[in-house]
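Peer 1: Data: model.cif, mmCIF, C-alpha atoms.
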```
data_data
#
loop_
_atom_site.label_atom_id
_atom_site.label_comp_id
_atom_site.auth_asym_id
_atom_site.auth_seq_id
_atom_site.Cartn_x
_atom_site.Cartn_y
_atom_site.Cartn_z
CA MET A 19 32.61 -55.22 131.38
CA LEU A 20 33.37 -57.51 128.46
CA ALA A 21 29.73 -57.32 127.42
CA GLU A 22 29.98 -53.56 127.01
CA ILE A 23 33.10 -53.89 124.86
CA TYR A 24 31.34 -56.37 122.60
CA GLU A 25 28.26 -54.20 122.41
CA HIS A 26 30.31 -51.13 121.56
CA HIS A 27 32.17 -52.79 118.73
CA ILE A 28 29.49 -54.94 117.17
CA LEU A 29 26.14 -53.28 117.79
CA ASP A 30 24.95 -50.01 116.30
CA HIS A 31 25.04 -46.56 117.90
CA THR A 32 22.56 -43.81 117.15
CA TYR A 33 24.18 -40.42 116.68
CA ALA A 34 21.14 -38.31 115.82
CA THR A 35 17.52 -38.70 114.82
CA LEU A 36 16.12 -36.98 111.77
CA SER A 37 12.46 -36.19 111.80
CA ILE A 38 11.07 -36.18 108.27
CA LEU A 39 7.37 -36.12 107.42
CA GLY A 40 6.44 -37.56 110.80
CA PHE A 41 8.96 -40.43 110.66
CA ASN A 42 11.79 -40.60 113.20
CA LEU A 43 14.80 -41.84 111.27
CA PRO A 44 17.87 -42.55 113.41
CA VAL A 45 21.27 -41.76 111.92
CA THR A 46 23.49 -44.55 113.17
CA ARG A 47 27.13 -45.52 112.86
CA HIS A 48 26.51 -48.20 110.26
CA LEU A 49 24.36 -45.81 108.24
CA ALA A 50 27.19 -43.25 108.28
CA MET A 51 29.58 -45.95 107.06
CA MET A 52 27.21 -46.80 104.21
CA TRP A 53 27.03 -43.11 103.29
CA LEU A 54 30.82 -43.02 103.27
CA ALA A 55 30.90 -46.00 100.90
CA CYS A 56 28.34 -44.32 98.62
CA VAL A 57 30.32 -41.07 98.59
CA LEU A 58 33.52 -42.96 97.80
CA LEU A 59 31.87 -44.75 94.92
CA LEU A 60 30.00 -41.72 93.57
CA VAL A 61 33.03 -39.40 93.71
CA LEU A 62 36.05 -41.63 93.10
CA VAL A 63 34.82 -43.79 90.23
CA PRO A 64 33.75 -40.96 87.87
CA ALA A 65 36.91 -39.06 88.80
CA ILE A 66 39.06 -42.01 87.78
CA PHE A 67 36.96 -42.67 84.70
CA HIS A 68 37.20 -39.13 83.35
CA SER A 69 40.82 -38.54 84.30
CA THR A 70 43.49 -38.27 81.62
CA SER A 71 46.70 -37.81 83.63
CA LYS A 72 49.46 -40.37 83.46
CA ILE A 73 49.66 -40.78 87.23
CA LEU A 74 46.16 -42.22 87.39
CA ALA A 75 46.73 -44.72 84.58
CA PRO A 76 47.04 -47.69 86.98
CA ALA A 77 43.73 -46.67 88.58
CA ARG A 78 42.06 -46.58 85.17
CA ASN A 79 43.47 -50.00 84.39
CA LEU A 80 42.19 -51.31 87.70
CA LEU A 81 38.71 -49.98 87.02
CA GLU A 82 38.66 -51.43 83.51
CA GLY A 83 39.95 -54.77 84.78
CA LEU A 84 37.26 -54.89 87.44
CA VAL A 85 34.40 -54.10 85.06
CA VAL A 86 35.65 -56.52 82.39
CA PHE A 87 36.07 -59.23 85.03
CA VAL A 88 32.51 -58.76 86.28
CA ARG A 89 31.14 -58.71 82.74
CA ASP A 90 33.05 -61.70 81.37
CA GLU A 91 33.28 -64.01 84.36
CA ILE A 92 30.12 -63.25 86.29
CA VAL A 93 27.40 -61.77 84.08
CA LEU A 94 27.91 -63.33 80.65
CA VAL A 95 28.70 -66.79 82.02
CA ASN A 96 25.65 -67.02 84.28
CA LEU A 97 22.99 -64.88 82.66
CA GLY A 98 23.60 -66.00 79.10
CA PRO A 99 24.84 -64.09 76.06
CA GLY A 100 23.21 -60.73 75.35
CA SER A 101 22.83 -59.77 79.00
CA GLU A 102 25.56 -57.13 79.24
CA GLY A 103 22.90 -54.69 80.39
CA TYR A 104 23.04 -56.22 83.85
CA THR A 105 26.74 -55.43 84.28
CA PRO A 106 26.31 -52.04 86.03
CA TYR A 107 24.10 -53.58 88.71
CA PHE A 108 26.57 -56.37 89.45
CA CYS A 109 29.54 -53.99 89.43
CA THR A 110 27.75 -51.73 91.90
CA LEU A 111 26.81 -54.67 94.10
CA PHE A 112 30.34 -56.03 94.13
CA THR A 113 32.11 -52.76 94.88
CA PHE A 114 29.53 -51.59 97.42
CA ILE A 115 29.78 -54.81 99.44
CA LEU A 116 33.57 -54.76 99.12
CA ILE A 117 33.89 -51.20 100.44
CA CYS A 118 31.34 -51.73 103.22
CA ASN A 119 33.18 -54.87 104.34
CA GLY A 120 36.60 -53.27 104.07
CA ILE A 121 35.79 -50.13 106.07
CA GLY A 122 35.38 -52.38 109.12
CA LEU A 123 39.07 -53.25 109.08
CA VAL A 124 40.27 -49.63 109.08
CA PRO A 125 40.72 -47.82 112.43
CA PHE A 126 37.64 -45.83 113.47
CA GLY A 127 35.55 -47.74 110.96
CA ALA A 128 32.58 -50.04 111.51
CA THR A 129 31.38 -52.87 109.29
CA ALA A 130 28.13 -51.79 107.79
CA THR A 131 27.44 -55.27 106.47
CA GLY A 132 27.87 -56.58 110.01
CA ASN A 133 24.35 -55.37 110.63
CA ILE A 134 21.70 -57.88 109.68
CA SER A 135 19.38 -55.13 108.47
CA VAL A 136 21.93 -54.06 105.86
CA THR A 137 22.49 -57.57 104.55
CA ALA A 138 18.75 -58.19 104.61
CA GLY A 139 18.33 -55.11 102.41
CA LEU A 140 20.95 -56.37 99.98
CA ALA A 141 19.34 -59.82 99.91
CA PHE A 142 16.00 -58.15 99.27
CA THR A 143 17.43 -56.40 96.20
CA THR A 144 18.65 -59.81 95.01
CA PHE A 145 15.15 -61.22 95.54
CA ALA A 146 13.64 -58.34 93.57
CA LEU A 147 16.19 -58.82 90.79
CA ILE A 148 15.45 -62.55 90.50
CA LEU A 149 11.71 -61.94 90.19
CA PHE A 150 12.13 -58.95 87.88
CA SER A 151 14.55 -60.61 85.46
CA GLY A 152 12.64 -63.91 85.40
CA ILE A 153 9.28 -62.27 84.74
CA ARG A 154 10.70 -59.85 82.20
CA LYS A 155 12.40 -62.57 80.19
CA ASN A 156 9.78 -65.30 80.38
CA GLY A 157 6.47 -63.65 81.22
CA LEU A 158 4.69 -64.15 84.54
CA VAL A 159 2.80 -67.37 83.71
CA HIS A 160 5.73 -69.09 82.03
CA TYR A 161 8.08 -68.08 84.86
CA VAL A 162 5.84 -69.60 87.53
CA ALA A 163 5.25 -72.70 85.39
CA THR A 164 8.97 -73.33 85.00
CA LEU A 165 9.84 -72.85 88.67
CA VAL A 166 9.84 -76.63 89.00
CA PRO A 167 12.77 -78.06 87.01
CA HIS A 168 12.26 -79.70 83.65
CA GLY A 169 12.02 -83.47 83.36
CA VAL A 170 10.26 -84.13 86.64
CA PRO A 171 7.32 -86.63 86.61
CA LYS A 172 3.98 -84.82 86.80
CA VAL A 173 2.90 -86.60 89.97
CA LEU A 174 5.63 -84.81 91.93
CA TYR A 175 4.46 -81.31 90.95
CA PRO A 176 2.21 -80.68 94.02
CA LEU A 177 5.12 -81.67 96.27
CA LEU A 178 7.86 -79.81 94.44
CA PHE A 179 6.06 -76.54 93.75
CA PRO A 180 5.81 -75.33 97.40
CA ILE A 181 9.39 -76.48 97.94
CA GLU A 182 10.56 -74.42 94.98
CA VAL A 183 8.64 -71.33 96.12
CA LEU A 184 10.09 -71.75 99.61
CA GLY A 185 13.48 -72.28 98.03
CA LEU A 186 13.26 -68.85 96.47
CA PHE A 187 13.03 -67.30 99.93
CA THR A 188 15.54 -69.70 101.47
CA LYS A 189 18.25 -68.94 98.93
CA THR A 190 17.89 -65.22 99.54
CA LEU A 191 17.84 -65.69 103.33
CA ALA A 192 20.99 -67.80 103.12
CA LEU A 193 22.70 -65.01 101.16
CA CYS A 194 21.79 -62.56 103.91
CA ILE A 195 22.95 -64.75 106.78
CA ARG A 196 26.14 -65.82 105.00
CA LEU A 197 27.40 -62.27 104.51
CA PHE A 198 26.31 -61.10 107.98
CA ALA A 199 27.81 -64.05 109.88
CA ASN A 200 31.10 -63.96 107.96
CA MET A 201 31.59 -60.29 108.77
CA ILE A 202 30.50 -60.55 112.42
CA GLY A 203 32.42 -63.78 113.03
CA GLY A 204 35.77 -62.24 112.21
CA HIS A 205 35.25 -59.32 114.56
CA PHE A 206 33.90 -61.61 117.28
CA ALA A 207 36.98 -63.84 117.13
CA LEU A 208 39.29 -60.84 117.15
CA LEU A 209 37.56 -59.26 120.17
CA THR A 210 37.62 -62.58 122.04
CA ILE A 211 41.33 -63.10 121.48
CA ILE A 212 42.24 -59.58 122.54
CA GLY A 213 39.83 -59.93 125.46
CA LEU A 214 41.78 -62.96 126.64
CA ILE A 215 44.64 -60.61 127.49
CA PHE A 216 42.45 -58.63 129.87
CA ILE A 217 40.87 -61.73 131.37
CA PHE A 218 44.23 -63.28 132.12
CA GLY A 219 45.39 -59.87 133.29
CA GLY A 220 43.23 -60.32 136.35
CA MET A 221 45.67 -62.91 137.56
CA GLY A 222 48.62 -60.58 137.46
CA HIS A 223 50.81 -58.56 135.16
CA ILE A 224 53.20 -61.36 134.19
CA VAL A 225 50.39 -63.64 133.07
CA ALA A 226 49.00 -60.77 130.99
CA GLY A 227 52.41 -60.24 129.39
CA VAL A 228 52.70 -63.88 128.38
CA THR A 229 49.19 -63.80 126.97
CA VAL A 230 50.07 -60.75 124.89
CA LEU A 231 52.92 -62.69 123.29
CA ALA A 232 50.50 -65.42 122.26
CA ALA A 233 47.39 -63.40 121.49
CA VAL A 234 48.75 -60.59 119.33
CA PRO A 235 50.22 -62.84 116.57
CA MET A 236 46.99 -64.85 116.55
CA ALA A 237 45.00 -61.62 116.23
CA LEU A 238 47.28 -60.53 113.38
CA PHE A 239 46.69 -63.82 111.59
CA ILE A 240 42.95 -63.51 112.03
CA THR A 241 43.05 -59.95 110.67
CA LEU A 242 44.84 -61.19 107.54
CA LEU A 243 42.23 -63.93 107.20
CA GLU A 244 39.61 -61.19 107.56
CA VAL A 245 41.03 -59.35 104.55
CA LEU A 246 40.72 -62.54 102.48
CA VAL A 247 37.17 -63.08 103.74
CA VAL A 248 36.22 -59.49 102.81
CA PHE A 249 37.11 -59.98 99.16
CA LEU A 250 35.79 -63.53 99.04
CA GLN A 251 32.39 -62.72 100.53
CA ALA A 252 31.84 -59.79 98.18
CA TYR A 253 32.68 -62.05 95.24
CA VAL A 254 30.50 -64.91 96.52
CA PHE A 255 27.49 -62.66 97.07
CA THR A 256 27.76 -61.28 93.53
CA VAL A 257 28.33 -64.69 91.93
CA LEU A 258 25.44 -66.32 93.76
CA THR A 259 23.13 -63.45 92.79
CA ALA A 260 24.21 -63.94 89.18
CA ILE A 261 23.66 -67.71 89.37
CA PHE A 262 20.17 -67.35 90.85
CA THR A 263 19.25 -64.68 88.29
CA GLY A 264 20.55 -66.90 85.50
CA MET A 265 18.49 -69.81 86.79
CA ALA A 266 15.40 -67.59 86.79
CA MET A 267 16.06 -66.24 83.30
CA ASN A 268 17.02 -69.50 81.59
CA PRO A 269 15.10 -72.44 83.02
CA HIS A 270 16.21 -75.58 81.26
CA MET B 22 17.95 -80.29 138.94
CA ASN B 23 17.89 -76.71 140.11
CA GLU B 24 17.89 -73.49 138.15
CA THR B 25 21.65 -73.27 137.73
CA MET B 26 21.82 -76.82 136.41
CA TYR B 27 19.29 -76.01 133.69
CA ILE B 28 21.22 -72.93 132.63
CA GLY B 29 24.50 -74.83 132.64
CA LEU B 30 23.04 -77.61 130.52
CA GLY B 31 21.71 -75.01 128.14
CA TYR B 32 25.15 -73.46 127.70
CA LEU B 33 26.62 -76.93 127.22
CA GLY B 34 24.07 -77.82 124.58
CA ALA B 35 24.60 -74.64 122.58
CA SER B 36 28.38 -74.93 122.68
CA VAL B 37 28.47 -78.62 121.75
CA GLY B 38 26.05 -77.84 118.93
CA ALA B 39 28.36 -75.18 117.58
CA GLY B 40 31.25 -77.64 117.61
CA LEU B 41 29.22 -80.29 115.79
CA VAL B 42 28.35 -77.73 113.11
CA LEU B 43 32.06 -77.20 112.64
CA VAL B 44 32.61 -80.93 112.07
CA GLY B 45 29.95 -81.04 109.36
CA ALA B 46 31.15 -77.93 107.56
CA GLY B 47 34.77 -79.07 107.78
CA ILE B 48 34.05 -82.46 106.24
CA GLY B 49 31.94 -80.91 103.49
CA ILE B 50 34.47 -78.28 102.47
CA GLY B 51 37.30 -80.80 102.76
CA LEU B 52 35.57 -83.12 100.29
CA VAL B 53 35.01 -80.27 97.83
CA GLY B 54 38.60 -79.08 98.14
CA GLY B 55 39.98 -82.58 97.73
CA ALA B 56 37.96 -83.15 94.58
CA ALA B 57 39.14 -79.81 93.16
CA VAL B 58 42.80 -80.63 93.88
CA GLU B 59 42.46 -84.07 92.28
CA GLY B 60 40.80 -82.56 89.21
CA THR B 61 43.61 -80.03 88.89
CA ALA B 62 46.15 -82.84 89.14
CA ARG B 63 44.49 -84.76 86.33
CA GLN B 64 44.06 -81.74 84.05
CA PRO B 65 46.09 -78.67 84.96
CA GLU B 66 44.59 -76.50 82.24
CA ALA B 67 41.14 -76.67 83.91
CA SER B 68 42.46 -75.29 87.21
CA GLY B 69 40.82 -71.86 86.77
CA THR B 70 37.32 -73.23 86.28
CA LEU B 71 37.82 -75.77 89.05
CA ARG B 72 38.98 -73.09 91.45
CA THR B 73 35.91 -70.94 90.78
CA THR B 74 33.53 -73.87 91.23
CA MET B 75 35.31 -74.91 94.42
CA ILE B 76 34.97 -71.44 95.92
CA ILE B 77 31.28 -71.24 95.11
CA ALA B 78 30.55 -74.69 96.58
CA ALA B 79 32.66 -73.95 99.67
CA ALA B 80 30.81 -70.67 100.23
CA LEU B 81 27.43 -72.44 100.04
CA ILE B 82 28.48 -75.05 102.62
CA GLU B 83 30.04 -72.39 104.82
CA GLY B 84 26.80 -70.41 104.63
CA LEU B 85 24.95 -73.33 106.20
CA GLY B 86 27.59 -73.59 108.89
CA PHE B 87 27.26 -69.93 109.74
CA LEU B 88 23.48 -70.22 109.84
CA ALA B 89 23.75 -72.87 112.57
CA LEU B 90 26.40 -70.83 114.36
CA VAL B 91 24.10 -67.80 114.45
CA ILE B 92 21.36 -69.99 115.94
CA CYS B 93 23.78 -71.17 118.67
CA LEU B 94 24.84 -67.59 119.43
CA LEU B 95 21.23 -66.40 119.62
CA SER B 96 20.35 -69.21 122.02
CA LEU B 97 23.37 -68.37 124.19
CA MET B 98 22.28 -64.75 124.37
CA ASN B 99 18.84 -65.86 125.43
CA PHE B 100 19.96 -67.81 128.49
CA SER B 101 21.08 -64.77 130.44
CA LYS B 102 17.97 -62.73 129.76
CA PRO B 103 15.39 -62.87 132.58
CA LYS B 104 12.14 -64.45 131.47
CA PRO B 105 8.92 -62.51 132.12
CA GLY B 106 7.84 -62.83 135.73
CA GLU B 107 11.14 -63.78 137.34
CA ILE B 108 14.25 -62.11 138.65
CA ALA B 109 17.51 -62.78 136.83
CA ALA B 110 19.34 -65.75 138.36
CA PRO B 111 22.61 -64.59 139.95
CA ALA B 112 24.66 -67.19 138.09
CA ALA B 113 23.54 -65.88 134.76
CA ALA B 114 23.34 -62.17 135.53
CA THR B 115 26.97 -61.41 134.73
CA ALA B 116 27.45 -63.82 131.86
CA SER B 117 26.95 -62.25 128.48
CA ALA B 118 26.70 -64.16 125.23
CA ALA B 119 30.34 -64.21 124.36
CA ALA B 120 32.21 -63.69 127.60
CA PRO B 121 34.43 -66.71 128.18
CA ALA B 122 33.97 -68.71 131.31
CA ALA B 123 36.44 -66.88 133.53
CA THR B 124 34.28 -63.85 134.20
CA SER B 125 35.27 -63.94 137.86
CA ALA B 126 38.85 -63.18 136.82
CA LEU B 127 37.97 -59.82 135.27
CA PRO B 128 39.97 -56.92 136.70
CA GLY B 129 37.70 -54.72 138.76
CA LYS B 130 38.03 -51.56 136.66
#
```
Translate this file's structure into structure tokens.
Peer 2:
Amino acid sequence: MLAEIYEHHILDHTYATLSILGFNLPVTRHLAMMWLACVLLLVLVPAIFHSTSKILAPARNLLEGLVVFVRDEIVLVNLGPGSEGYTPYFCTLFTFILICNGIGLVPFGATATGNISVTAGLAFTTFALILFSGIRKNGLVHYVATLVPHGVPKVLYPLLFPIEVLGLFTKTLALCIRLFANMIGGHFALLTIIGLIFIFGGMGHIVAGVTVLAAVPMALFITLLEVLVVFLQAYVFTVLTAIFTGMAMNPH
Amino acid sequence: MNETMYIGLGYLGASVGAGLVLVGAGIGIGLVGGAAVEGTARQPEASGTLRTTMIIAAALIEGLGFLALVICLLSLMNFSKPKPGEIAAPAAATASAAAPAATSALPGK
């Protein structure tokens, strides 16, 4: 019985299947959550941006603070001066991951980034960005030539070059697994602690009552830790993407 | 060494592995945090930069820890699946990946 509870809360459910051009595309719970995040971003952010009323002034300040923070602390520091053009991508990445993570904590919500396919897609966009920005700035030949760091003796090139190419994939894979495992781990721990109540409940009602007194504060503490992890993991994904892109654009 | 013993040793190995991963990640992040606190004590005006660097380094180490944890979880989920050409062993049939040991104490709902 516990297995079904875990499967219901962590795995994906298919609601319907669209059939487009011969492909069967399932509409699942995590996909619906990602659509919700997209709708929130596409509707709320322009509404706040174009608003002029005094009530929404704190929201406008929040939006401006967020964009200036991403531009000054994440993009300009890591990608070098003159790279403000990358700010919209990093703002989108940060807020999309933040909303997808945060929806999982709300009742009737599911964590879209708790699905490894979603985080693999995000890591793939990071991979594409690293290659695109490195090749655009340095040219294809120069980018591949400077994959190996500067100042390494020439004899080590045949050893280091495959390691560096593999490192490109490994860094992206680590990004994917980091975000996925952080999001799933919180929900796993929460489900296990609440499940303890039902497991001890098999021994009798009094034992279940005592377990409730111990388990519910622990679950509350883990939920608060979850909120911290939501913000932190969105920030860490964005910062690491910026660092890897900066390393690809400015090899020195 | 019968079938149940193999499965039990497998569970033991995966769980002990997950605990060892925790030791490594804990030591790593503790070292980074301690260095950041000492740097802030020496030079309080650099605390913002130090905090950012500490968070990035801690996230990288924690990423490795989670990678190993995912491997342990995947191996645990594999033990209860019947291999091709055999019936599921009764000891493993009711144990899912994350159900704690006291599955026999579940209320019969």
Peer 1: Convert the output of the PyMOL selection byres ((chain A) within 8 of (chain B)) on the shown file into explicit residues, formatted as a compact mmCIF listing (two decimals) with C-alpha atoms, in the frame of the given file.
Peer 2:
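The new file part_19.txt reads:
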```txt
# COMPACT_ATOMS: atom_id res chain seq x y z
CA LEU A 20 33.37 -57.51 128.46
CA ALA A 21 29.73 -57.32 127.42
CA ALA A 192 20.99 -67.80 103.12
CA LEU A 193 22.70 -65.01 101.16
CA ILE A 195 22.95 -64.75 106.78
CA ARG A 196 26.14 -65.82 105.00
CA ALA A 199 27.81 -64.05 109.88
CA ASN A 200 31.10 -63.96 107.96
CA THR A 210 37.62 -62.58 122.04
CA PHE A 216 42.45 -58.63 129.87
CA ILE A 217 40.87 -61.73 131.37
CA PHE A 218 44.23 -63.28 132.12
CA GLY A 219 45.39 -59.87 133.29
CA GLY A 220 43.23 -60.32 136.35
CA MET A 221 45.67 -62.91 137.56
CA VAL A 254 30.50 -64.91 96.52
CA VAL A 257 28.33 -64.69 91.93
CA LEU A 258 25.44 -66.32 93.76
```
Peer 1: Taking the file as shown, what set of residues would the PyMOL selection byres ((chain A and resi 243-246) around 9) give back, as a PDB file with C-alpha atoms, in the frame of the given file?
Peer 2:
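Saved the output as expr.pdb:
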```
ATOM      1  CA  GLY A 120      36.600 -53.270 104.070  1.00  0.00           C
ATOM      2  CA  LEU A 123      39.070 -53.250 109.080  1.00  0.00           C
ATOM      3  CA  ASN A 200      31.100 -63.960 107.960  1.00  0.00           C
ATOM      4  CA  MET A 201      31.590 -60.290 108.770  1.00  0.00           C
ATOM      5  CA  GLY A 204      35.770 -62.240 112.210  1.00  0.00           C
ATOM      6  CA  HIS A 205      35.250 -59.320 114.560  1.00  0.00           C
ATOM      7  CA  LEU A 238      47.280 -60.530 113.380  1.00  0.00           C
ATOM      8  CA  PHE A 239      46.690 -63.820 111.590  1.00  0.00           C
ATOM      9  CA  ILE A 240      42.950 -63.510 112.030  1.00  0.00           C
ATOM     10  CA  THR A 241      43.050 -59.950 110.670  1.00  0.00           C
ATOM     11  CA  LEU A 242      44.840 -61.190 107.540  1.00  0.00           C
ATOM     12  CA  VAL A 247      37.170 -63.080 103.740  1.00  0.00           C
ATOM     13  CA  VAL A 248      36.220 -59.490 102.810  1.00  0.00           C
ATOM     14  CA  PHE A 249      37.110 -59.980  99.160  1.00  0.00           C
ATOM     15  CA  LEU A 250      35.790 -63.530  99.040  1.00  0.00           C
ATOM     16  CA  GLN A 251      32.390 -62.720 100.530  1.00  0.00           C
TER      17      GLN A 251
END
```
Peer 1: What gap, in Å, lies between CA of His27 (chain A) and CA of Gly122 (chain A)?
Peer 2: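 Distance between the two atoms: 10.1 Å.
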Peer 1: Ranking B:Met22, B:Ala56, B:Ala39, B:Ile28 by minimum distance to Lys102 (chain B) and counting only C-alpha atoms, which one comes first?
Peer 2: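 So, comparing all the options, the nearest one is B:Ile28.
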Peer 1: Which residues are near Pro269 (chain A)? Cut-off 12 Å, only C-alpha atoms, ignore same chain within fewer than 3 positions. Put them as a ChimeraX atom specification.
Peer 2: /A:96-98,152-153,155-156,160-169,261-266
Peer 1: Between CA of Ile211 (chain A) and CA of Met236 (chain A), what is the spacing in Å?
Peer 2: 7.7 Å
Peer 1: Written as a list in words, what is the full residue list that the PyMOL selection byres ((chain A and resi 104-116) around 8) yields on the file shown?
Peer 2: Ala55, Cys56, Leu59, Val85, Val88, Arg89, Val93, Ser101, Glu102, Gly103, Ile117, Cys118, Asn119, Gly120, Thr131, Val248, Phe249, Ala252, Tyr253, Phe255, Thr256 and Ala260 of chain A
Peer 1: Within 9 Å of Leu81 (chain A), counting only C-alpha atoms, which residues show up once you throw out same-chain ones fewer than 6 positions away? Write them as a VMD selection string, please.
Peer 2: chain A and resid 63 66 to 67
Peer 1: Just the selected residues (C-alpha atoms), exported as a PDB file, in the coordinates of the input, please.
Peer 2:
```
ATOM      1  CA  VAL A  63      34.820 -43.790  90.230  1.00  0.00           C
ATOM      2  CA  ILE A  66      39.060 -42.010  87.780  1.00  0.00           C
ATOM      3  CA  PHE A  67      36.960 -42.670  84.700  1.00  0.00           C
TER       4      PHE A  67
END
```
Peer 1: Which residue out of B:Leu52, B:Phe100, B:Leu94, B:Pro105 has the minimum interatomic distance to Ser36 (chain B) when only C-alpha atoms are used?
Peer 2: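 Nearest to Ser36 (chain B): B:Leu94.
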Peer 1: What's the separation between CA of Leu140 (chain A) and CA of Glu182 (chain A), in Å to one decimal place?
Peer 2: 21.4 Å
Peer 1: Could you list, as a PyMOL selection string, every residue within 10 Å of region 30-45 of chain A, counting all atoms listed in the file and ignoring same-chain residues fewer than 4 positions away?
Peer 2: chain A and resi 25-26+49-50+128-130+132-133
